[in-house]
Amino acid sequence: MRDLKINMPVKVSKIINMLNSAGFEAYAVGGCVRDSVLGREPNDWDITTSAMPEEVKAIFRRTVDTGIKHGTVTVLLGDEGFEVTTFRVDGEYTDHRHPEEVSFTRELEEDLLRRDFTINAMAYSDSTGLVDLYGGINDLEDKLIKAVGDPDARFDEDALRIMRAVRFAAQLGFDIEGRTKEAIIRHTEFLSDVSAERIEAELTKLITSAHPEKLIDAYELGITGVILPEFDMTMGVPQNNPYHKYDVGRHIIAVMQNTPATKMMRYTALFHDISKPECRTTDERGIDHFKMHAVLGADKAREIMRRLKMDNDTIHAVTRLIYWHDYGIKGDVTKRSLRRMMSKLGAENFPDYLAIRRADMAGQSDFRKEEKDEIYRNIEALYEEIIAEGDCLTIKDLAVNGGDIMKLGIPAGPKIGEILSYLLERVMDDPSLNEKSDLITLAETYEMK
């Protein structure tokens, strides 16, 4: 126990005080205590108590049985809900994920022992202060992720804790303690028992953290070999090319470090060169080339994200950016070609393309840096001109619509779309043609072919 004061929300204090007044122990527990000690704002507040679920329900007027089988009752105060969970001991784990049964206990020590890491096994109340039975404060001070008790037992119980260890290390900038690392290595195979959705959720938190380079830890511990073998294949693959200074895998890490910390951008960075290993060729001078890696990478990224059960919007956005991420690197961009690229990519997504280009360049060598910077600035300037001039980039931007084309005597159907697509192509070549009279004339000419 430590003499430490945590400022809990008023409603959390009220729930704890009401449980105490009824003769029960009650504490804030887990991540909210950890974050408070670190000076971070907790996302939510979990409460643990010696009161049995039915006893909790008897104390509070409004409750919801959100997980009563596992001892959890949600207490409603005003328009907010707070999970209150009875001290418990988990039964046997047979699937490396969930206990077959749980039993309730009146002992806080037993409840804290079942938790994953020491930094998450601390409890707090104003009356008792900080309860730290397993060295969580010391591990916070030493910046360590350490399993509670026997690390082999913790990971054998729940293999998802393997992902959580690396994720917490990434979010907090911590290292994983030695014995905990060794136990992870012995248990990575059990990650195959964890659902794809849970793996994706932890992977997303890891790569969108302040330390996406911790993915290297996941590689060295054998984690990505189970959940993301495609990344393992990039590690150690050389890029014998003056434009590069890292192997493919470490280049990917460098790009992630220089990419905005959003789900879409970090997954784009993670997968943008994922197909380089199979695209690698070496010319007679010993220079490596990776032709078609962007196109094939988009396809491979789609397969991986579907395997991880990711949402379709993210899959579409990421694969689209991967496909276009190398656009213009040779400096052959014109306003005409850029309008076409923006039309396919979506003008609203172009800033994302610029961001991935900047990050990609940051992960390369300084070879011809001034030239690369100039190419980038030229693309950015052309984009700004196109936006400022309001150039037509989509069919809806045309000065005519399907109804106008039908008035030419063309019946509704695929032919209308074909003509509008043709008009868009002409207008992207020459924006001055985006006048209704000119487009009608072009449509009539096209129909006569």
# chains A, B, ... in the order shown; residues from 1 in each chain; ligands from 1
$ residues_around --residues "segment 86-89 of chain A" --least-positions-apart "3" --cutoff "12 Å" --atoms "only C-alpha atoms" --output "PDB file with N, CA, C and O atoms, in the first residue's frame"
ATOM      1  N   LEU A  19     -20.706   1.268  -1.265  1.00  0.00           N
ATOM      2  CA  LEU A  19     -20.363  -0.130  -0.997  1.00  0.00           C
ATOM      3  C   LEU A  19     -19.663  -0.257   0.349  1.00  0.00           C
ATOM      4  O   LEU A  19     -19.942  -1.181   1.136  1.00  0.00           O
ATOM      5  N   PHE A  24     -18.851  -3.444   2.739  1.00  0.00           N
ATOM      6  CA  PHE A  24     -18.041  -4.185   1.765  1.00  0.00           C
ATOM      7  C   PHE A  24     -16.779  -3.398   1.383  1.00  0.00           C
ATOM      8  O   PHE A  24     -16.754  -2.173   1.442  1.00  0.00           O
ATOM      9  N   GLU A  25     -15.760  -4.138   0.956  1.00  0.00           N
ATOM     10  CA  GLU A  25     -14.594  -3.486   0.368  1.00  0.00           C
ATOM     11  C   GLU A  25     -14.929  -3.097  -1.070  1.00  0.00           C
ATOM     12  O   GLU A  25     -15.693  -3.786  -1.754  1.00  0.00           O
ATOM     13  N   ALA A  26     -14.335  -2.007  -1.542  1.00  0.00           N
ATOM     14  CA  ALA A  26     -14.535  -1.596  -2.933  1.00  0.00           C
ATOM     15  C   ALA A  26     -13.372  -0.704  -3.342  1.00  0.00           C
ATOM     16  O   ALA A  26     -12.879   0.105  -2.549  1.00  0.00           O
ATOM     17  N   TYR A  27     -12.950  -0.872  -4.593  1.00  0.00           N
ATOM     18  CA  TYR A  27     -11.792  -0.130  -5.093  1.00  0.00           C
ATOM     19  C   TYR A  27     -11.954   0.157  -6.586  1.00  0.00           C
ATOM     20  O   TYR A  27     -12.595  -0.609  -7.317  1.00  0.00           O
ATOM     21  N   VAL A  29      -9.915  -0.168  -9.947  1.00  0.00           N
ATOM     22  CA  VAL A  29      -8.929  -1.218 -10.199  1.00  0.00           C
ATOM     23  C   VAL A  29      -8.489  -1.221 -11.658  1.00  0.00           C
ATOM     24  O   VAL A  29      -9.232  -0.792 -12.548  1.00  0.00           O
ATOM     25  N   ASP A  46     -13.082   1.138 -13.737  1.00  0.00           N
ATOM     26  CA  ASP A  46     -13.634  -0.141 -13.307  1.00  0.00           C
ATOM     27  C   ASP A  46     -13.557  -0.228 -11.790  1.00  0.00           C
ATOM     28  O   ASP A  46     -12.585   0.221 -11.172  1.00  0.00           O
ATOM     29  N   ILE A  47     -14.577  -0.837 -11.207  1.00  0.00           N
ATOM     30  CA  ILE A  47     -14.661  -0.949  -9.739  1.00  0.00           C
ATOM     31  C   ILE A  47     -14.753  -2.423  -9.375  1.00  0.00           C
ATOM     32  O   ILE A  47     -15.482  -3.189 -10.026  1.00  0.00           O
ATOM     33  N   THR A  48     -13.990  -2.816  -8.376  1.00  0.00           N
ATOM     34  CA  THR A  48     -14.054  -4.196  -7.879  1.00  0.00           C
ATOM     35  C   THR A  48     -14.464  -4.175  -6.416  1.00  0.00           C
ATOM     36  O   THR A  48     -14.153  -3.224  -5.682  1.00  0.00           O
ATOM     37  N   THR A  49     -15.165  -5.194  -5.991  1.00  0.00           N
ATOM     38  CA  THR A  49     -15.745  -5.182  -4.638  1.00  0.00           C
ATOM     39  C   THR A  49     -15.847  -6.585  -4.062  1.00  0.00           C
ATOM     40  O   THR A  49     -15.906  -7.587  -4.809  1.00  0.00           O
ATOM     41  N   SER A  50     -15.887  -6.643  -2.737  1.00  0.00           N
ATOM     42  CA  SER A  50     -16.113  -7.925  -2.064  1.00  0.00           C
ATOM     43  C   SER A  50     -17.604  -8.289  -2.047  1.00  0.00           C
ATOM     44  O   SER A  50     -17.965  -9.423  -1.701  1.00  0.00           O
ATOM     45  N   ALA A  51     -18.473  -7.365  -2.413  1.00  0.00           N
ATOM     46  CA  ALA A  51     -19.913  -7.637  -2.446  1.00  0.00           C
ATOM     47  C   ALA A  51     -20.253  -8.591  -3.585  1.00  0.00           C
ATOM     48  O   ALA A  51     -19.715  -8.469  -4.690  1.00  0.00           O
ATOM     49  N   MET A  52     -21.128  -9.529  -3.329  1.00  0.00           N
ATOM     50  CA  MET A  52     -21.610 -10.429  -4.367  1.00  0.00           C
ATOM     51  C   MET A  52     -22.533  -9.656  -5.326  1.00  0.00           C
ATOM     52  O   MET A  52     -23.093  -8.611  -4.945  1.00  0.00           O
ATOM     53  N   PRO A  53     -22.720 -10.141  -6.544  1.00  0.00           N
ATOM     54  CA  PRO A  53     -23.553  -9.407  -7.502  1.00  0.00           C
ATOM     55  C   PRO A  53     -24.930  -9.032  -6.968  1.00  0.00           C
ATOM     56  O   PRO A  53     -25.391  -7.906  -7.156  1.00  0.00           O
ATOM     57  N   GLU A  54     -25.595  -9.967  -6.300  1.00  0.00           N
ATOM     58  CA  GLU A  54     -26.935  -9.676  -5.771  1.00  0.00           C
ATOM     59  C   GLU A  54     -26.877  -8.623  -4.674  1.00  0.00           C
ATOM     60  O   GLU A  54     -27.809  -7.823  -4.496  1.00  0.00           O
ATOM     61  N   GLU A  55     -25.773  -8.592  -3.918  1.00  0.00           N
ATOM     62  CA  GLU A  55     -25.599  -7.583  -2.879  1.00  0.00           C
ATOM     63  C   GLU A  55     -25.375  -6.200  -3.497  1.00  0.00           C
ATOM     64  O   GLU A  55     -25.872  -5.194  -2.975  1.00  0.00           O
ATOM     65  N   VAL A  56     -24.646  -6.169  -4.601  1.00  0.00           N
ATOM     66  CA  VAL A  56     -24.456  -4.900  -5.320  1.00  0.00           C
ATOM     67  C   VAL A  56     -25.796  -4.380  -5.813  1.00  0.00           C
ATOM     68  O   VAL A  56     -26.136  -3.200  -5.653  1.00  0.00           O
ATOM     69  N   LYS A  57     -26.593  -5.265  -6.385  1.00  0.00           N
ATOM     70  CA  LYS A  57     -27.895  -4.869  -6.924  1.00  0.00           C
ATOM     71  C   LYS A  57     -28.835  -4.367  -5.824  1.00  0.00           C
ATOM     72  O   LYS A  57     -29.670  -3.492  -6.062  1.00  0.00           O
ATOM     73  N   GLY A  67     -22.804  -8.623 -17.052  1.00  0.00           N
ATOM     74  CA  GLY A  67     -21.981  -9.826 -17.081  1.00  0.00           C
ATOM     75  C   GLY A  67     -22.056 -10.539 -15.748  1.00  0.00           C
ATOM     76  O   GLY A  67     -21.044 -10.886 -15.158  1.00  0.00           O
ATOM     77  N   ILE A  68     -23.278 -10.741 -15.291  1.00  0.00           N
ATOM     78  CA  ILE A  68     -23.486 -11.218 -13.922  1.00  0.00           C
ATOM     79  C   ILE A  68     -22.895 -12.611 -13.704  1.00  0.00           C
ATOM     80  O   ILE A  68     -22.467 -12.954 -12.606  1.00  0.00           O
ATOM     81  N   LYS A  69     -22.808 -13.417 -14.760  1.00  0.00           N
ATOM     82  CA  LYS A  69     -22.200 -14.747 -14.639  1.00  0.00           C
ATOM     83  C   LYS A  69     -20.749 -14.640 -14.188  1.00  0.00           C
ATOM     84  O   LYS A  69     -20.229 -15.505 -13.477  1.00  0.00           O
ATOM     85  N   HIS A  70     -20.102 -13.550 -14.626  1.00  0.00           N
ATOM     86  CA  HIS A  70     -18.704 -13.329 -14.250  1.00  0.00           C
ATOM     87  C   HIS A  70     -18.577 -12.265 -13.158  1.00  0.00           C
ATOM     88  O   HIS A  70     -17.492 -11.732 -12.912  1.00  0.00           O
ATOM     89  N   GLY A  71     -19.696 -11.935 -12.533  1.00  0.00           N
ATOM     90  CA  GLY A  71     -19.659 -11.049 -11.385  1.00  0.00           C
ATOM     91  C   GLY A  71     -19.794  -9.579 -11.689  1.00  0.00           C
ATOM     92  O   GLY A  71     -19.592  -8.742 -10.797  1.00  0.00           O
ATOM     93  N   THR A  72     -20.139  -9.220 -12.918  1.00  0.00           N
ATOM     94  CA  THR A  72     -20.175  -7.807 -13.299  1.00  0.00           C
ATOM     95  C   THR A  72     -21.607  -7.279 -13.368  1.00  0.00           C
ATOM     96  O   THR A  72     -22.456  -7.840 -14.070  1.00  0.00           O
ATOM     97  N   VAL A  73     -21.834  -6.198 -12.647  1.00  0.00           N
ATOM     98  CA  VAL A  73     -23.100  -5.469 -12.668  1.00  0.00           C
ATOM     99  C   VAL A  73     -22.779  -4.031 -13.032  1.00  0.00           C
ATOM    100  O   VAL A  73     -21.835  -3.445 -12.505  1.00  0.00           O
ATOM    101  N   THR A  74     -23.532  -3.467 -13.959  1.00  0.00           N
ATOM    102  CA  THR A  74     -23.344  -2.059 -14.297  1.00  0.00           C
ATOM    103  C   THR A  74     -24.265  -1.217 -13.429  1.00  0.00           C
ATOM    104  O   THR A  74     -25.485  -1.407 -13.441  1.00  0.00           O
ATOM    105  N   GLU A  83     -19.054  -0.215 -14.385  1.00  0.00           N
ATOM    106  CA  GLU A  83     -19.008  -1.652 -14.143  1.00  0.00           C
ATOM    107  C   GLU A  83     -18.452  -1.936 -12.753  1.00  0.00           C
ATOM    108  O   GLU A  83     -17.376  -1.465 -12.392  1.00  0.00           O
ATOM    109  N   GLU A  92     -10.412 -23.212 -14.468  1.00  0.00           N
ATOM    110  CA  GLU A  92      -9.468 -23.737 -15.448  1.00  0.00           C
ATOM    111  C   GLU A  92      -9.737 -23.137 -16.830  1.00  0.00           C
ATOM    112  O   GLU A  92     -10.877 -22.966 -17.253  1.00  0.00           O
ATOM    113  N   TYR A  93      -8.640 -22.815 -17.535  1.00  0.00           N
ATOM    114  CA  TYR A  93      -8.715 -22.357 -18.924  1.00  0.00           C
ATOM    115  C   TYR A  93      -8.404 -23.547 -19.830  1.00  0.00           C
ATOM    116  O   TYR A  93      -7.347 -24.169 -19.703  1.00  0.00           O
ATOM    117  N   PRO A  99     -11.925 -18.692 -19.043  1.00  0.00           N
ATOM    118  CA  PRO A  99     -12.040 -19.694 -17.971  1.00  0.00           C
ATOM    119  C   PRO A  99     -13.336 -20.477 -18.125  1.00  0.00           C
ATOM    120  O   PRO A  99     -14.356 -19.937 -18.553  1.00  0.00           O
ATOM    121  N   GLU A 100     -13.269 -21.768 -17.786  1.00  0.00           N
ATOM    122  CA  GLU A 100     -14.467 -22.600 -17.851  1.00  0.00           C
ATOM    123  C   GLU A 100     -15.525 -22.102 -16.866  1.00  0.00           C
ATOM    124  O   GLU A 100     -16.716 -22.189 -17.124  1.00  0.00           O
ATOM    125  N   GLU A 101     -15.059 -21.589 -15.733  1.00  0.00           N
ATOM    126  CA  GLU A 101     -15.984 -21.059 -14.729  1.00  0.00           C
ATOM    127  C   GLU A 101     -15.236 -20.060 -13.869  1.00  0.00           C
ATOM    128  O   GLU A 101     -13.997 -20.001 -13.891  1.00  0.00           O
ATOM    129  N   VAL A 102     -15.971 -19.244 -13.150  1.00  0.00           N
ATOM    130  CA  VAL A 102     -15.364 -18.323 -12.184  1.00  0.00           C
ATOM    131  C   VAL A 102     -16.059 -18.533 -10.846  1.00  0.00           C
ATOM    132  O   VAL A 102     -17.225 -18.923 -10.781  1.00  0.00           O
ATOM    133  N   SER A 103     -15.300 -18.301  -9.784  1.00  0.00           N
ATOM    134  CA  SER A 103     -15.893 -18.359  -8.445  1.00  0.00           C
ATOM    135  C   SER A 103     -15.602 -17.047  -7.742  1.00  0.00           C
ATOM    136  O   SER A 103     -14.565 -16.422  -7.977  1.00  0.00           O
ATOM    137  N   PHE A 104     -16.524 -16.621  -6.931  1.00  0.00           N
ATOM    138  CA  PHE A 104     -16.375 -15.343  -6.246  1.00  0.00           C
ATOM    139  C   PHE A 104     -15.635 -15.523  -4.922  1.00  0.00           C
ATOM    140  O   PHE A 104     -15.656 -16.599  -4.326  1.00  0.00           O
ATOM    141  N   THR A 105     -14.959 -14.479  -4.524  1.00  0.00           N
ATOM    142  CA  THR A 105     -14.177 -14.514  -3.294  1.00  0.00           C
ATOM    143  C   THR A 105     -14.344 -13.185  -2.567  1.00  0.00           C
ATOM    144  O   THR A 105     -14.725 -12.175  -3.179  1.00  0.00           O
ATOM    145  N   ARG A 106     -14.049 -13.193  -1.277  1.00  0.00           N
ATOM    146  CA  ARG A 106     -14.082 -11.951  -0.501  1.00  0.00           C
ATOM    147  C   ARG A 106     -12.669 -11.352  -0.373  1.00  0.00           C
ATOM    148  O   ARG A 106     -12.506 -10.335   0.284  1.00  0.00           O
ATOM    149  N   GLU A 107     -11.666 -11.990  -1.022  1.00  0.00           N
ATOM    150  CA  GLU A 107     -10.279 -11.583  -0.836  1.00  0.00           C
ATOM    151  C   GLU A 107      -9.767 -10.807  -2.062  1.00  0.00           C
ATOM    152  O   GLU A 107      -9.691 -11.356  -3.159  1.00  0.00           O
ATOM    153  N   LEU A 108      -9.396  -9.556  -1.855  1.00  0.00           N
ATOM    154  CA  LEU A 108      -8.855  -8.731  -2.938  1.00  0.00           C
ATOM    155  C   LEU A 108      -7.577  -9.344  -3.509  1.00  0.00           C
ATOM    156  O   LEU A 108      -7.356  -9.321  -4.729  1.00  0.00           O
ATOM    157  N   GLU A 109      -6.732  -9.890  -2.659  1.00  0.00           N
ATOM    158  CA  GLU A 109      -5.452 -10.453  -3.102  1.00  0.00           C
ATOM    159  C   GLU A 109      -5.653 -11.517  -4.170  1.00  0.00           C
ATOM    160  O   GLU A 109      -4.923 -11.569  -5.173  1.00  0.00           O
ATOM    161  N   GLU A 110      -6.666 -12.365  -3.987  1.00  0.00           N
ATOM    162  CA  GLU A 110      -6.925 -13.423  -4.958  1.00  0.00           C
ATOM    163  C   GLU A 110      -7.410 -12.847  -6.284  1.00  0.00           C
ATOM    164  O   GLU A 110      -7.073 -13.349  -7.357  1.00  0.00           O
ATOM    165  N   ASP A 111      -8.199 -11.779  -6.207  1.00  0.00           N
ATOM    166  CA  ASP A 111      -8.705 -11.146  -7.422  1.00  0.00           C
ATOM    167  C   ASP A 111      -7.560 -10.509  -8.218  1.00  0.00           C
ATOM    168  O   ASP A 111      -7.497 -10.642  -9.450  1.00  0.00           O
ATOM    169  N   LEU A 112      -6.676  -9.817  -7.539  1.00  0.00           N
ATOM    170  CA  LEU A 112      -5.573  -9.144  -8.232  1.00  0.00           C
ATOM    171  C   LEU A 112      -4.603 -10.139  -8.847  1.00  0.00           C
ATOM    172  O   LEU A 112      -3.998  -9.871  -9.889  1.00  0.00           O
ATOM    173  N   LEU A 113      -4.456 -11.303  -8.230  1.00  0.00           N
ATOM    174  CA  LEU A 113      -3.521 -12.311  -8.722  1.00  0.00           C
ATOM    175  C   LEU A 113      -3.915 -12.853 -10.088  1.00  0.00           C
ATOM    176  O   LEU A 113      -3.064 -13.278 -10.864  1.00  0.00           O
ATOM    177  N   ARG A 114      -5.207 -12.823 -10.423  1.00  0.00           N
ATOM    178  CA  ARG A 114      -5.656 -13.385 -11.707  1.00  0.00           C
ATOM    179  C   ARG A 114      -5.443 -12.418 -12.865  1.00  0.00           C
ATOM    180  O   ARG A 114      -5.660 -12.773 -14.021  1.00  0.00           O
ATOM    181  N   ARG A 115      -5.015 -11.183 -12.587  1.00  0.00           N
ATOM    182  CA  ARG A 115      -4.890 -10.172 -13.646  1.00  0.00           C
ATOM    183  C   ARG A 115      -3.609 -10.362 -14.439  1.00  0.00           C
ATOM    184  O   ARG A 115      -2.731 -11.120 -14.061  1.00  0.00           O
ATOM    185  N   ALA A 123      -5.073  -1.582  -7.026  1.00  0.00           N
ATOM    186  CA  ALA A 123      -6.410  -1.102  -6.671  1.00  0.00           C
ATOM    187  C   ALA A 123      -6.263   0.144  -5.809  1.00  0.00           C
ATOM    188  O   ALA A 123      -5.216   0.391  -5.199  1.00  0.00           O
TER     189      ALA A 123
END
$ residues_around --residues "Gly236 of chain A" --least-positions-apart "5" --cutoff "9 Å" --atoms "only C-alpha atoms" --output "ChimeraX atom specification"
/A:246-250
$ residues_around --residues "segment 385-402 of chain A" --least-positions-apart "6" --cutoff "6 Å" --atoms "only C-alpha atoms" --output "list in words"
Ser343, Asn434, Glu435 and Lys436 of chain A
$ atom_distance --atom1 "atom CA of Thr63 of chain A" --atom2 "atom CA of Gly31 of chain A"
22.7 Å
$ residues_around --residues "Gln171 of chain A" --least-positions-apart "6" --cutoff "12 Å" --atoms "only C-alpha atoms" --output "list in words"
Asp35, Arg40, Lys143, Ile145, Arg164, Ala165, Glu202, Leu203, Thr204, Lys205, Leu206, Ile207, Thr208, Ser209, Ala210, His211, Pro212, Glu213, Lys214, Leu215 and Ala261 of chain A
$ atom_distance --atom1 "atom CA of Ala298 of chain A" --atom2 "atom CA of Thr319 of chain A"
4.7 Å
